Structures are given as structure tokens and as C-alpha cells.
$ cat query_34.cif   # mmCIF, C-alpha atoms
data_protein
loop_
_atom_site.label_atom_id
_atom_site.label_comp_id
_atom_site.auth_asym_id
_atom_site.auth_seq_id
_atom_site.Cartn_x
_atom_site.Cartn_y
_atom_site.Cartn_z
CA MET A 1 96.39 109.96 120.34
CA ALA A 2 99.66 111.56 119.45
CA VAL A 3 102.73 109.38 119.16
CA TRP A 4 105.59 111.20 120.86
CA GLY A 5 109.14 110.09 120.13
CA VAL A 6 111.74 109.76 122.84
CA PHE A 7 114.84 108.41 121.11
CA ALA A 8 116.91 108.90 118.01
CA ALA A 9 118.84 105.99 119.48
CA LEU A 10 119.47 104.82 123.03
CA ARG A 11 122.77 106.68 122.96
CA ALA A 12 121.04 109.98 122.27
CA ALA A 13 119.24 110.11 125.63
CA PRO A 14 120.26 107.14 127.75
CA ARG A 15 118.15 108.07 130.81
CA LEU A 16 114.81 108.99 129.20
CA TRP A 17 113.50 105.44 129.00
CA GLN A 18 114.72 104.88 132.57
CA ARG A 19 112.80 107.94 133.75
CA ALA A 20 109.62 106.85 132.02
CA SER A 21 109.91 103.32 133.41
CA ARG A 22 110.53 104.70 136.91
CA ALA A 23 107.47 106.92 136.60
CA ALA A 24 105.42 103.90 135.56
CA ALA A 25 106.66 102.04 138.64
CA GLY A 26 105.67 104.90 140.95
CA PHE A 27 109.21 106.14 141.69
CA ARG A 28 109.69 109.87 142.17
CA GLY A 29 112.68 112.19 142.45
CA THR A 30 116.17 111.92 141.05
CA PHE A 31 117.77 108.53 140.60
CA PHE A 32 121.55 108.45 140.97
CA GLY A 33 122.47 104.78 140.83
CA ARG A 34 121.37 101.20 140.54
CA GLY A 35 120.94 100.64 144.27
CA TYR A 36 117.68 101.90 145.74
CA SER A 37 115.11 100.80 148.29
CA VAL A 38 111.36 101.20 147.76
CA ASP A 39 108.50 100.03 149.93
CA PRO A 40 106.34 97.73 147.69
CA ALA A 41 103.19 98.80 149.55
CA GLN A 42 103.99 102.44 148.81
CA VAL A 43 104.48 101.64 145.12
CA ARG A 44 101.10 99.87 144.91
CA ALA A 45 99.42 102.73 146.72
CA THR A 46 100.85 105.46 144.50
CA GLN A 47 100.53 103.62 141.20
CA SER A 48 97.64 104.76 139.01
CA PRO A 49 96.43 103.38 135.67
CA PRO A 50 98.95 104.29 132.97
CA THR A 51 98.17 107.00 130.46
CA PHE A 52 101.09 106.17 128.16
CA GLY A 53 102.60 103.14 126.48
CA PHE A 54 105.73 102.04 124.64
CA LEU A 55 106.37 101.00 121.06
CA LEU A 56 109.73 99.22 121.17
CA ASP A 57 112.02 98.29 118.33
CA ILE A 58 113.89 95.01 118.85
CA ASP A 59 117.00 94.55 116.69
CA GLY A 60 119.78 96.88 117.79
CA VAL A 61 117.64 98.28 120.62
CA LEU A 62 116.71 95.35 122.87
CA VAL A 63 118.87 92.67 121.31
CA ARG A 64 121.72 92.47 118.87
CA GLY A 65 121.77 89.13 117.15
CA HIS A 66 121.08 86.66 119.97
CA GLN A 67 122.46 88.85 122.77
CA VAL A 68 120.26 91.02 124.97
CA ILE A 69 121.49 94.58 125.49
CA PRO A 70 122.04 94.91 129.29
CA ALA A 71 120.33 98.32 129.56
CA ALA A 72 117.15 96.76 128.14
CA LEU A 73 117.02 94.18 130.95
CA GLU A 74 117.46 96.95 133.52
CA ALA A 75 114.66 99.02 132.01
CA PHE A 76 112.25 96.09 131.88
CA ARG A 77 113.07 95.18 135.47
CA ARG A 78 111.67 98.57 136.46
CA LEU A 79 108.64 98.22 134.21
CA LEU A 80 107.53 94.91 135.77
CA ASP A 81 105.37 94.70 138.90
CA ALA A 82 105.69 92.14 141.68
CA ARG A 83 103.73 89.58 139.62
CA GLY A 84 106.03 89.94 136.64
CA GLN A 85 103.48 91.89 134.60
CA LEU A 86 104.16 95.12 132.76
CA ARG A 87 102.95 98.29 134.47
CA VAL A 88 102.25 100.00 131.13
CA PRO A 89 101.12 98.68 127.72
CA VAL A 90 104.05 97.64 125.55
CA VAL A 91 104.06 96.57 121.90
CA PHE A 92 107.18 95.34 120.13
CA VAL A 93 107.40 96.69 116.58
CA THR A 94 109.95 94.98 114.37
CA ASN A 95 110.66 94.76 110.68
CA ALA A 96 111.46 91.08 111.03
CA GLY A 97 109.09 88.93 108.99
CA ASN A 98 110.65 85.51 108.51
CA ILE A 99 109.14 84.17 111.74
CA SER A 100 105.66 83.71 113.17
CA GLN A 101 104.19 85.97 115.84
CA HIS A 102 104.02 83.08 118.32
CA ASP A 103 107.66 82.11 117.76
CA LYS A 104 108.80 85.73 118.06
CA ALA A 105 106.89 86.07 121.33
CA LYS A 106 108.52 82.90 122.70
CA GLU A 107 111.95 84.12 121.60
CA LEU A 108 111.51 87.47 123.35
CA SER A 109 110.09 85.83 126.46
CA THR A 110 113.24 83.73 126.78
CA LEU A 111 115.59 86.65 126.14
CA LEU A 112 113.86 89.24 128.35
CA GLY A 113 112.83 86.98 131.22
CA PHE A 114 109.07 87.65 131.27
CA LYS A 115 106.12 86.44 129.23
CA VAL A 116 105.54 88.28 125.97
CA GLU A 117 102.18 87.57 124.32
CA PRO A 118 101.84 87.13 120.55
CA ASP A 119 99.41 90.06 120.40
CA GLN A 120 102.24 92.29 121.68
CA ILE A 121 104.25 91.59 118.52
CA VAL A 122 103.94 93.61 115.32
CA LEU A 123 105.97 92.00 112.55
CA SER A 124 106.69 93.88 109.35
CA HIS A 125 103.80 92.15 107.56
CA SER A 126 101.25 92.11 110.42
CA PRO A 127 99.20 95.07 109.08
CA LEU A 128 98.59 93.15 105.84
CA LYS A 129 95.74 91.51 107.78
CA LEU A 130 93.80 94.69 106.96
CA PHE A 131 94.01 94.26 103.17
CA PHE A 132 90.83 92.21 102.91
CA GLN A 133 90.31 92.98 99.22
CA HIS A 134 93.38 90.89 98.32
CA HIS A 135 92.94 87.95 100.71
CA GLY A 136 90.91 85.89 98.25
CA LYS A 137 93.37 86.25 95.36
CA ARG A 138 95.90 83.68 94.22
CA MET A 139 99.18 85.26 95.34
CA LEU A 140 102.81 84.48 94.59
CA VAL A 141 104.57 84.73 97.98
CA THR A 142 108.29 85.22 98.63
CA GLY A 143 110.40 85.23 101.77
CA GLN A 144 111.81 82.73 104.25
CA GLY A 145 110.76 80.84 107.35
CA PRO A 146 107.15 79.66 107.79
CA LEU A 147 106.16 81.42 104.59
CA VAL A 148 102.83 79.75 103.85
CA GLU A 149 101.88 79.72 107.54
CA ASN A 150 102.52 83.45 107.84
CA ALA A 151 100.61 84.22 104.65
CA ARG A 152 97.59 82.26 105.86
CA ALA A 153 97.75 83.89 109.29
CA LEU A 154 97.47 87.23 107.48
CA GLY A 155 94.35 86.02 105.64
CA PHE A 156 95.86 84.92 102.31
CA GLU A 157 94.57 81.38 101.81
CA ASN A 158 95.47 80.81 98.15
CA VAL A 159 99.24 81.23 97.88
CA VAL A 160 101.92 79.87 95.57
CA THR A 161 105.58 79.85 96.62
CA VAL A 162 108.47 80.61 94.30
CA ASP A 163 109.64 76.99 94.57
CA GLU A 164 106.21 75.73 93.51
CA LEU A 165 106.18 78.09 90.55
CA ARG A 166 109.71 77.09 89.56
CA LEU A 167 108.77 73.40 89.62
CA ALA A 168 105.71 74.10 87.47
CA PHE A 169 107.79 76.09 84.94
CA PRO A 170 111.39 74.76 85.12
CA VAL A 171 112.63 76.76 82.14
CA LEU A 172 112.04 80.07 83.93
CA ASP A 173 114.91 79.63 86.42
CA MET A 174 118.09 79.55 84.36
CA VAL A 175 120.82 81.36 86.35
CA ASP A 176 122.04 78.35 88.35
CA LEU A 177 123.52 75.89 85.85
CA GLN A 178 123.02 73.02 88.28
CA ARG A 179 119.26 73.63 88.39
CA ARG A 180 118.65 74.06 84.68
CA PRO A 181 116.45 71.31 83.21
CA LYS A 182 118.38 68.73 81.19
CA THR A 183 115.55 68.40 78.69
CA THR A 184 112.87 70.80 77.52
CA PRO A 185 109.69 70.06 79.48
CA HIS A 186 106.20 70.44 78.05
CA LEU A 187 104.64 73.85 78.58
CA ARG A 188 101.92 73.70 81.21
CA THR A 189 98.54 75.15 80.32
CA ASP A 190 96.63 73.99 83.41
CA PHE A 191 98.38 76.21 85.94
CA PRO A 192 95.86 78.70 87.42
CA ALA A 193 96.69 82.35 86.82
CA ILE A 194 98.41 84.28 89.59
CA GLU A 195 96.51 87.39 90.69
CA GLY A 196 99.07 89.24 92.80
CA VAL A 197 102.49 89.23 94.47
CA LEU A 198 103.06 89.08 98.22
CA LEU A 199 106.59 89.98 99.40
CA LEU A 200 106.93 89.04 103.08
CA GLY A 201 110.72 89.24 103.42
CA GLU A 202 114.05 88.79 101.73
CA PRO A 203 114.35 85.44 99.90
CA VAL A 204 117.45 83.23 99.79
CA ARG A 205 117.94 82.94 96.01
CA TRP A 206 117.42 86.52 94.92
CA GLU A 207 118.02 85.80 91.24
CA THR A 208 115.26 83.17 91.16
CA SER A 209 112.73 85.31 93.00
CA LEU A 210 113.49 88.42 90.94
CA GLN A 211 113.18 86.49 87.68
CA LEU A 212 109.91 84.76 88.55
CA ILE A 213 108.31 87.87 90.01
CA MET A 214 109.11 89.72 86.81
CA ASP A 215 107.70 86.82 84.75
CA VAL A 216 104.45 87.03 86.70
CA LEU A 217 104.16 90.82 86.38
CA LEU A 218 105.03 90.96 82.68
CA SER A 219 102.72 88.07 81.76
CA ASN A 220 99.79 89.34 83.83
CA GLY A 221 99.94 86.25 86.05
CA ASN A 222 100.50 83.64 83.35
CA PRO A 223 104.24 82.81 83.47
CA GLY A 224 105.61 81.06 80.42
CA THR A 225 103.51 83.17 78.06
CA VAL A 226 104.37 86.31 76.13
CA LEU A 227 102.03 89.27 75.78
CA ALA A 228 102.13 91.72 72.89
CA THR A 229 102.24 94.68 75.29
CA VAL A 230 103.34 95.01 78.89
CA PRO A 231 100.24 95.10 81.13
CA TYR A 232 100.00 98.33 83.13
CA PRO A 233 98.84 98.89 85.76
CA HIS A 234 100.41 95.58 86.71
CA LEU A 235 99.08 92.98 89.14
CA PRO A 236 98.74 94.05 92.80
CA VAL A 237 102.03 93.97 94.72
CA LEU A 238 101.98 93.92 98.53
CA ALA A 239 105.29 94.15 100.39
CA SER A 240 106.59 94.48 103.93
CA ASN A 241 109.85 95.70 105.47
CA MET A 242 111.58 98.51 103.61
CA ASP A 243 114.85 98.40 105.58
CA LEU A 244 117.75 98.80 103.20
CA LEU A 245 120.21 97.61 105.88
CA TRP A 246 120.05 96.15 109.37
CA MET A 247 122.49 95.42 112.18
CA ALA A 248 123.37 91.90 113.32
CA GLU A 249 126.51 90.61 115.05
CA ALA A 250 128.68 91.73 112.12
CA LYS A 251 130.52 95.04 112.44
CA MET A 252 128.96 96.38 109.24
CA PRO A 253 125.24 96.45 108.34
CA ARG A 254 123.62 93.58 106.41
CA PHE A 255 121.30 93.81 103.39
CA GLY A 256 117.63 93.97 104.29
CA HIS A 257 114.42 93.43 102.34
CA GLY A 258 114.55 97.04 101.20
CA THR A 259 117.61 96.17 99.14
CA PHE A 260 115.68 93.38 97.45
CA LEU A 261 112.77 95.75 96.74
CA LEU A 262 115.22 98.28 95.33
CA CYS A 263 116.53 95.63 92.91
CA LEU A 264 113.01 94.66 91.87
CA GLU A 265 111.99 98.27 91.28
CA ALA A 266 115.12 98.98 89.24
CA ILE A 267 114.66 95.89 87.06
CA TYR A 268 110.99 96.66 86.44
CA ARG A 269 111.78 100.28 85.55
CA LYS A 270 114.61 99.25 83.23
CA LEU A 271 112.51 96.67 81.35
CA THR A 272 109.25 98.59 81.10
CA GLY A 273 110.13 102.27 81.46
CA ARG A 274 107.47 102.53 84.18
CA GLU A 275 107.42 102.62 87.97
CA LEU A 276 106.61 99.57 90.06
CA ARG A 277 103.60 100.39 92.21
CA TYR A 278 102.69 98.89 95.59
CA CYS A 279 99.09 98.45 96.62
CA GLY A 280 100.37 98.06 100.17
CA LEU A 281 103.71 98.52 101.87
CA THR A 282 103.96 97.83 105.59
CA GLY A 283 106.62 97.84 108.27
CA LYS A 284 108.43 100.78 109.81
CA PRO A 285 108.28 103.65 109.06
CA SER A 286 104.87 103.34 107.34
CA LEU A 287 102.01 105.20 108.98
CA LEU A 288 99.77 102.15 108.71
CA THR A 289 102.15 100.10 110.86
CA TYR A 290 102.08 102.69 113.65
CA ARG A 291 98.29 102.86 113.55
CA TYR A 292 98.11 99.09 113.73
CA ALA A 293 100.48 99.08 116.73
CA GLU A 294 98.45 101.86 118.37
CA GLU A 295 95.32 99.73 118.10
CA LEU A 296 97.13 96.83 119.83
CA VAL A 297 98.19 99.15 122.65
CA GLN A 298 94.59 100.21 123.21
CA ARG A 299 93.40 96.60 123.17
CA GLN A 300 96.10 95.69 125.68
CA ALA A 301 94.94 98.45 128.02
CA VAL A 302 91.34 97.22 127.80
CA LYS A 303 92.46 93.63 128.41
CA ARG A 304 94.33 94.69 131.56
CA GLY A 305 91.34 96.65 132.84
CA TRP A 306 93.05 100.05 132.76
CA ALA A 307 90.26 102.61 132.71
CA MET A 308 92.37 105.66 131.87
CA PRO A 309 92.78 106.26 128.11
CA ILE A 310 96.28 105.88 126.67
CA GLN A 311 97.17 109.43 125.68
CA LYS A 312 100.80 109.10 124.56
CA LEU A 313 102.98 106.48 122.93
CA TYR A 314 106.73 106.66 123.45
CA THR A 315 108.74 105.10 120.67
CA VAL A 316 112.13 103.58 121.45
CA GLY A 317 114.68 102.92 118.74
CA THR A 318 113.91 103.32 115.05
CA CYS A 319 110.11 103.46 115.50
CA ARG A 320 110.08 106.94 114.08
CA ARG A 321 107.77 109.36 112.37
CA PRO A 322 106.53 108.43 108.89
CA SER A 323 107.65 111.17 106.54
CA ARG A 324 104.84 113.23 105.04
CA GLY A 325 106.79 115.43 102.63
CA ALA A 326 107.82 114.86 99.04
CA TRP A 327 108.40 111.21 99.86
CA SER A 328 104.73 110.73 100.81
CA ARG A 329 103.55 112.66 97.77
CA ARG A 330 105.69 110.46 95.56
CA TRP A 331 104.06 107.39 97.06
CA THR A 332 100.56 108.82 96.67
CA ARG A 333 101.19 109.12 92.96
CA ARG A 334 102.47 105.55 92.72
CA ALA A 335 100.09 103.57 94.90
CA ALA A 336 96.40 102.78 94.88
CA PRO A 337 95.18 102.90 98.52
CA PRO A 338 92.83 100.40 100.16
CA SER A 339 89.23 101.52 100.06
CA TRP A 340 89.30 102.40 103.78
CA TRP A 341 92.70 104.09 103.94
CA ALA A 342 93.73 107.61 103.01
CA PRO A 343 96.30 108.56 101.91
CA ALA A 344 97.90 105.62 100.16
CA CYS A 345 100.22 103.16 101.89
CA THR A 346 103.77 104.17 102.54
CA ALA A 347 106.48 104.32 99.91
CA PRO A 348 109.71 102.37 100.30
CA ARG A 349 112.00 104.64 102.23
CA ARG A 350 115.59 103.51 102.16
CA ARG A 351 116.37 103.28 105.86
CA GLY A 352 119.30 101.82 107.65
CA PRO A 353 122.22 102.41 109.99
CA TRP A 354 123.91 104.55 107.33
CA SER A 355 120.97 106.83 106.66
CA SER A 356 122.09 110.32 105.69
CA ARG A 357 119.61 111.74 108.22
CA PRO A 358 119.58 110.49 111.81
CA SER A 359 116.59 108.41 112.88
CA THR A 360 114.41 110.40 115.27
CA GLY A 361 111.44 109.23 117.24
CA THR A 362 108.60 111.65 116.69
CA GLY A 363 104.87 111.43 116.41
CA THR A 364 102.13 111.52 113.84
CA SER A 365 100.70 114.93 113.16
CA ALA A 366 97.07 115.92 113.55
CA SER A 367 96.59 115.65 109.80
CA ALA A 368 97.99 112.14 109.89
CA ARG A 369 95.69 111.15 112.71
CA GLY A 370 92.73 112.47 110.79
CA SER A 371 93.42 110.14 107.89
CA TRP A 372 92.98 106.93 109.87
CA ARG A 373 89.82 104.97 109.22
CA ARG A 374 89.17 101.55 110.66
CA PRO A 375 88.04 98.94 108.15
CA THR A 376 84.30 98.36 108.13
CA SER A 377 84.42 94.73 107.01
#
$ encode --input "query_34.cif" --output "C-alpha cells"
Amino acid sequence: MAVWGVFAALRAAPRLWQRASRAAAGFRGTFFGRGYSVDPAQVRATQSPPTFGFLLDIDGVLVRGHQVIPAALEAFRRLLDARGQLRVPVVFVTNAGNISQHDKAKELSTLLGFKVEPDQIVLSHSPLKLFFQHHGKRMLVTGQGPLVENARALGFENVVTVDELRLAFPVLDMVDLQRRPKTTPHLRTDFPAIEGVLLLGEPVRWETSLQLIMDVLLSNGNPGTVLATVPYPHLPVLASNMDLLWMAEAKMPRFGHGTFLLCLEAIYRKLTGRELRYCGLTGKPSLLTYRYAEELVQRQAVKRGWAMPIQKLYTVGTCRRPSRGAWSRRWTRRAAPPSWWAPACTAPRRRGPWSSRPSTGTGTSASARGSWRRPTS
């Protein structure tokens, strides 16, 4: 199924989403204003099972901060039937990650005025559920919100937070003078080795997280020790959300997790002379995230009993085409793919409201579609 883009931004084509939503509702002809009269019986009679669905961005497209964009409410009003259910499959794709799927669904339900199910939400880290080969490893996890809960929901049962690691090795966190240990503690030798790093979102104390992540990578999972040579390849690193910037209520963009990843990559390169490699990188605009969202759309159609196959996905907002040029080739050289995925996961693309190239909603090519393989375990 091809993923066809509709928007570079809502401003670029303000009526396209309205036209698609009207078509889903059974409306025909030209629409000139907000006031119209339609016979509900005629709508039910002319409506057929949908053959398309929507992948919707959230921040800056449906809501900005805690305020709903009025045009979004109007569009959803046309997409809902008399029972308050969507006439077409819809999946919300966001690079937010410091919240659970259930809480995000409740939040959207309140803002939009209809029930949004958790399985309609794709957070930046949701596709990490597919990385089975890393779920049994002891992972250092960073981010905010329900961090451990989110990690376990993804399948990672054995996780260590940055705060837990800092308490186990107090001498590692030395930037904040108020948090430095007053005495030199005994070096712990009973702390189990860390086997990977899981980056679910931007942390609060960047200096602490950057320092401890580097300690883990340079010590091969045994912080507090010194190795004669830097281990390379380093431990597996899985990350989500590559947004350099994002829009909130402020007039200017805010730093996103992509900025944190950029700092981590630069520090690692400066200290080791090598590139930091990701075994998995999810969130828009990675191809894996779109494939994961596509699978949810198909499941939603089956759940609703729609017999017609979903042939097109319209993306609204910054759900855009994953680049497959030099950027993808660069990532292929840097990343080891999962055993069931080809090519490798997506490289960190520095996206944001100030991108030098405008964000366009387009679809995956035939070659991209051919590379998708569902996991067999």
C-alpha cells in the first residue's frame, strides 16, 4: 500500500483534508461554506467501506500546546458518523514519548471530543516493540514521564534509570556542585553490567545523562572502570524521536530529543574519533515508524469490519516521506539492522520548524515497500 502525502503543512492546502473528510462522509460536489444540510439516511445509503486512511501528526497540526486548532475540530466533525465513530481508519503518529499510550489517548479524547483508543496512538518509541533481540538485555533508559512503565510496555523488562545508576556510582555525576558526594564512597563491584542504552526521550538533566551514557559506552557496560582501549563496536543503542526542534506555545521552536542525540553523537565522536551507531532509531520520519502505523491502520479496518482493503494512507502534518538518498546510505553504513528488517533503521535526520527544506507529505516508494518484512517471532 502506497502512502500518499497530502500536506506540507495545513497552510499549504487548507481544503484538501476537508475534501477527503467530506468524501469519507458521503458528501459530493463543491462545498462553499460551513452551513450545509444533508439527509442522514442518504449519507448512510451512499457510504461504502473506506479504501483510505489517515496518519495524523499532533503537535502543531491538531493541537498547539494545550489548545486545539479550530480547523482540526471542524475536520473531525465531518469524519465522525452519527454514533461518534470515525468513518475511516485514523492513526495518530507523534514524536512525543514522555507519556504512555493510554494517557495520550485520554488526552486526545478530551481535546478532540470523541474517544481515541490507545491502539490508535503511535508514540516515537512504539516501534521498539519489534526489537525482540534486545528485550532481554539490561538496558540503561533515559527520558521523562513514566519511563520504566513505557520501557516495560515496549518489552524491556530489565531496565536501569539514570538516577539509579547515579546513586550506585555517586562519583560519576560531578557537574552539579550541590550533588557531589561529600566523601569518597566505596567502589561497587556487585552492580550487574549494563548491556545496552535505551533513549526514549529528552531527559531533564542533560549533563548527567550525557556523562553516564558515555561512561556506560566507554566502559562496555561497567561504569566506574577504565578499559585499556575503547570498545568498538559499542553496546547497542536504541533511540526514538529525532526532532531537533518542536513547536509549543512559545513563539520560537523548543529543543527536541534530536538536539540531545546530536550532543551525544558529537561527544562520542570527539572522545573516540568514531561514529556513534544506532541499532534502532524510531519516530518520524523513519520508515519503520510508518510501516508500524500502516499495520495499525490495517488492524483498525479489520476490527471495524471493513471488508475493502485500505489502498492509500493520507499523511497530515509532518508525517512525511523517509529520505532514501545519501542520508539513508549514511545510516546503512552506521547501523546494524534487526534480523528481520532491511535496510537498517533510520538515521537521525535533523528535522524541525526551521528545516532548510520544507516538510512534504509523500509516500514510500515501491522499493521501500519491498523491504518490509514482518517479524517471525
$ closest_residue --input "query_34.cif" --among "A:Leu177, A:Ala96, A:Leu112, A:Ile69" --to "A:Gly256" --atoms "all atoms listed in the file"
A:Ala96
$ residues_around --input "query_34.cif" --residues "stretch 258-269 of chain A" --least-positions-apart "3" --cutoff "12 Å" --atoms "all atoms listed in the file" --output "PyMOL selection string"
chain A and resi 95-96+124+142-143+198-218+230+232+234+237-246+253-255+272-278+281-284+347-352
$ atom_distance --input "query_34.cif" --atom1 "atom CA of A:Leu56" --atom2 "atom CA of A:Phe92"
4.8 Å
$ atom_distance --input "query_34.cif" --atom1 "atom CA of A:Ala105" --atom2 "atom CA of A:Pro118"
5.2 Å
$ closest_residue --input "query_34.cif" --among "A:Val159, A:Leu288, A:Val175, A:Leu108" --to "A:Gln67" --atoms "all atoms listed in the file"
A:Leu108
$ closest_residue --input "query_34.cif" --among "A:His257, A:Thr94, A:Asp103, A:Val197" --to "A:Gly60" --atoms "all atoms listed in the file"
A:Thr94
$ atom_distance --input "query_34.cif" --atom1 "atom CA of A:Arg78" --atom2 "atom CA of A:Leu296"
22.2 Å
$ residues_around --input "query_34.cif" --residues "stretch 162-174 of chain A" --least-positions-apart "4" --cutoff "8 Å" --atoms "only C-alpha atoms" --output "PyMOL selection string"
chain A and resi 140-142+179-181+184-185+187-188+191+208-209+211-212+223-224
$ closest_residue --input "query_34.cif" --among "A:Ala72, A:Val88, A:Gln101, A:Gly305" --to "A:Pro50" --atoms "all atoms listed in the file"
A:Val88
$ closest_atom_pairs --input "query_34.cif" --of "stretch 195-309 of chain A" --to "stretch 61-65 of chain A" --cutoff "8 Å" --atoms "all atoms listed in the file" --output "CSV"
residue,atom,partner,partner_atom,distance
A:Met247,CA,A:Arg64,CA,7.4
A:Ala248,CA,A:Gly65,CA,5.0
A:Glu249,CA,A:Gly65,CA,5.4
$ resolve_selection --input "query_34.cif" --expression "the PyMOL selection byres ((chain A and resi 146-150) around 9)" --output "VMD selection string"
chain A and resid 97 to 101 125 141 to 145 151 to 157 159 to 161 200
$ closest_residue --input "query_34.cif" --among "A:Leu227, A:Val302, A:Leu123, A:Val316" --to "A:Asp57" --atoms "all atoms listed in the file"
A:Val316
$ closest_residue --input "query_34.cif" --among "A:Val90, A:Leu73, A:Ile310, A:Ala82" --to "A:Leu111" --atoms "only C-alpha atoms"
A:Leu73
$ resolve_selection --input "query_34.cif" --expression "the PyMOL selection byres ((chain A and resi 306) around 10)" --output "PyMOL selection string"
chain A and resi 48-51+88-89+298+300-305+307-310
